[in-house]
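Chemist: To start, I am sharing the structure in question, which I have written as structure tokens.
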Amino acid sequence: MDKFLLSTDTSCDEFKSVMKEKRVSYIPLTYSVDGVTHDDDFDSNEEYAAFYAMLKDKKMPTTSQITAFTHEEYFNSLIEGGAKNIIHLTLSSGLSNTYNSAVMGAADSMKKYPDAKIYVVDSLSATQGQCFVMDEGIRLRDEGVDAEEAARRLYETAGNVHHWFFADDLFHLHRGGRVSAASAIIGSVLKIKPVLIINNEGKLAVVHKAKGVRNALKYFTEQYEKYAEKLDGDVYLPQGDNFELAEAFKAELIEKYGCNVKIGWVGPIIGAHTGGGMLGFVFKGKGRLSNK
């Protein structure tokens, strides 16, 4: 019998059928388009591709956090279903208030069910970075590690996961108010790819401006060689409807380093802000970079 139930919000961007197969419970985050709210419950390549097709049509989705009350109801349902110890992973507290809402919801749930214990772990991550932490949680659960020790190890893992990515659609960033029109035009003409990280506080920081995709990927591998815990370890590539580039980069990484590479989607919660075409690079390193 498992010593804890593993749970997450859906910013981890794993297919929901896979999560069910791996016995990971989840609470969906939401996004809105034209005033209509949708659950982030994607379970196919077609659903993710349709989301990015909508962005190409210049739609601007918005996202919102889950309330503490919704979290409480969710945790109550897990406990009423038999869970005694729960580890719940959240989207980075540096990107959303979802973590704080989960902490409040867990506290209220444990007041109602004092025999239950809920460990809310801030992944300090998003999309495939959060999936990286979740997969470590699955391994710890399957190894029979108890909840308190597993939560401690997941905090440690979260603090060492590196996230590098480049933004491709500067005009989407402009429509979202994140860059000026002039920057979008000049950057696009010069083929500038802003490279960002999720830093040690779980916040976004621009660290580099690469001229062209090849230079952005070269910069990724330079950082990998500099910061990776081991070069033949696990690498996750989050992509925003840029699968061909991700596949080509995966082949390069395997040939050069012999690492294990997983390609995954960037879902609507993060994709709503970054736009299409982005590619990320996630691996376990030796601590994260500090705020820039």
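Numbering starts fresh at 1 for the residues of each chain in the structure tokens, the chains themselves are lettered A, B, ... in the order given, and ligands are numbered from 1 as they appear.
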Residues near region 13-25 of chain A, anyone? I mean within 6 Å using only C-alpha atoms, not counting same-chain ones fewer than 4 positions away, as an MDAnalysis selection string.
Modeler: chainID A and resid 6:7 43 127 267
Chemist: Set out as CSV a contact list for region 39-106 of chain A and region 150-158 of chain A with a cut-off of 12 Å, giving each residue of region 39-106 of chain A that qualifies its closest atom pair and distance in Å to one decimal, counting only C-alpha atoms, ordered by chain and rising residue number.
Modeler:
residue,atom,partner,partner_atom,distance
A:Asn85,CA,A:Ala151,CA,10.7
A:Ile86,CA,A:Ala151,CA,9.5
A:Ile87,CA,A:Ala151,CA,6.6
A:His88,CA,A:Ala151,CA,9.0
A:Leu89,CA,A:Leu154,CA,9.0
A:Thr90,CA,A:Ala158,CA,10.8
A:Leu91,CA,A:Ala158,CA,11.0
A:Ser92,CA,A:Ala158,CA,9.6
A:Ser93,CA,A:Ala158,CA,11.9
Chemist: So that I can check the surroundings of Asp57 (chain A), please list as a VMD selection string every protein, DNA and RNA residue that reaches within 12 Å of it, counting only C-alpha atoms and ignoring chain neighbours fewer than 5 positions away.
Modeler: chain A and resid 50 to 52 172 275 to 276
Chemist: Restrict the calculation to only C-alpha atoms, then for each residue of region 263-290 of chain A with any atom at most 8 Å from an atom of region 192-210 of chain A give the closest atom pair and their distance in Å to one decimal, rows by chain and rising residue number, as a Markdown table.
Modeler:
| residue | atom | partner | partner_atom | distance |
| --- | --- | --- | --- | --- |
| A:Gly287 | CA | A:Asn200 | CA | 7.9 |
| A:Arg288 | CA | A:Asn200 | CA | 5.1 |
| A:Leu289 | CA | A:Asn199 | CA | 5.5 |
| A:Ser290 | CA | A:Asn200 | CA | 5.2 |
Chemist: Output N, CA and C atoms of each residue in that selection to a file, as an mmCIF file, in the first residue's frame.
Modeler:
data_model
loop_
_atom_site.group_PDB
_atom_site.id
_atom_site.type_symbol
_atom_site.label_atom_id
_atom_site.label_comp_id
_atom_site.auth_asym_id
_atom_site.auth_seq_id
_atom_site.Cartn_x
_atom_site.Cartn_y
_atom_site.Cartn_z
ATOM 1 N N GLY A 287 21.698 23.399 -7.644
ATOM 2 C CA GLY A 287 21.100 24.653 -7.201
ATOM 3 C C GLY A 287 20.613 25.450 -8.400
ATOM 4 N N ARG A 288 19.688 26.363 -8.136
ATOM 5 C CA ARG A 288 19.181 27.224 -9.207
ATOM 6 C C ARG A 288 19.928 28.555 -9.227
ATOM 7 N N LEU A 289 19.811 29.240 -10.365
ATOM 8 C CA LEU A 289 20.376 30.576 -10.437
ATOM 9 C C LEU A 289 19.559 31.530 -9.582
ATOM 10 N N SER A 290 20.222 32.504 -9.001
ATOM 11 C CA SER A 290 19.537 33.488 -8.179
ATOM 12 C C SER A 290 18.830 34.500 -9.060
#
Chemist: Contacts of region 244-257 of chain A at 10 Å or less, counting only C-alpha atoms, minus same-chain residues fewer than 6 places along, as an MDAnalysis selection string?
Modeler: chainID A and resid 213:214 217 221 225 230:233 235:238 263:264 277:281
Chemist: As an MDAnalysis selection string, list the residues of region 186-292 of chain A assigned to helix (DSSP H, G or I) by DSSP on the backbone atoms of this structure.
Modeler: chainID A and resid 186:189 213:227 243:257 268:274
Chemist: At what distance in Å, to one decimal, does CA of Glu136 (chain A) lie from CA of Ile270 (chain A)?
Modeler: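 Spanning CA of Ile270 (chain A) to CA of Glu136 (chain A) is a straight-line distance of 21.5 Å.
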Chemist: Distance CA of Leu95 (chain A)-CA of Leu124 (chain A), one decimal place?
Modeler: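 Between these atoms lies a distance of 8.5 Å.
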Chemist: Contacts of Gln65 (chain A) at 10 Å or less, counting only C-alpha atoms, minus same-chain residues fewer than 6 places along, as a list in words?
Modeler: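 Listed by chain and then number, they are Leu29, Thr30, Tyr31, Leu91, Ser96, Asn97, Thr98, Tyr99, Asn100, Ser101, Ala102 and Ile269 of chain A.
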Chemist: Hey, which of A:Gln130, A:Gln223, A:Thr37, A:Ser109 ends up closest to Ser64 (chain A)? Count only C-alpha atoms.
Modeler: A:Thr37
Chemist: So which one's closest to Phe4 (chain A), A:Ala228, A:Ile118, A:Ala216, A:Val133? Using only C-alpha atoms, please.
Modeler: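 Smallest distance to Phe4 (chain A) is found for A:Ile118.
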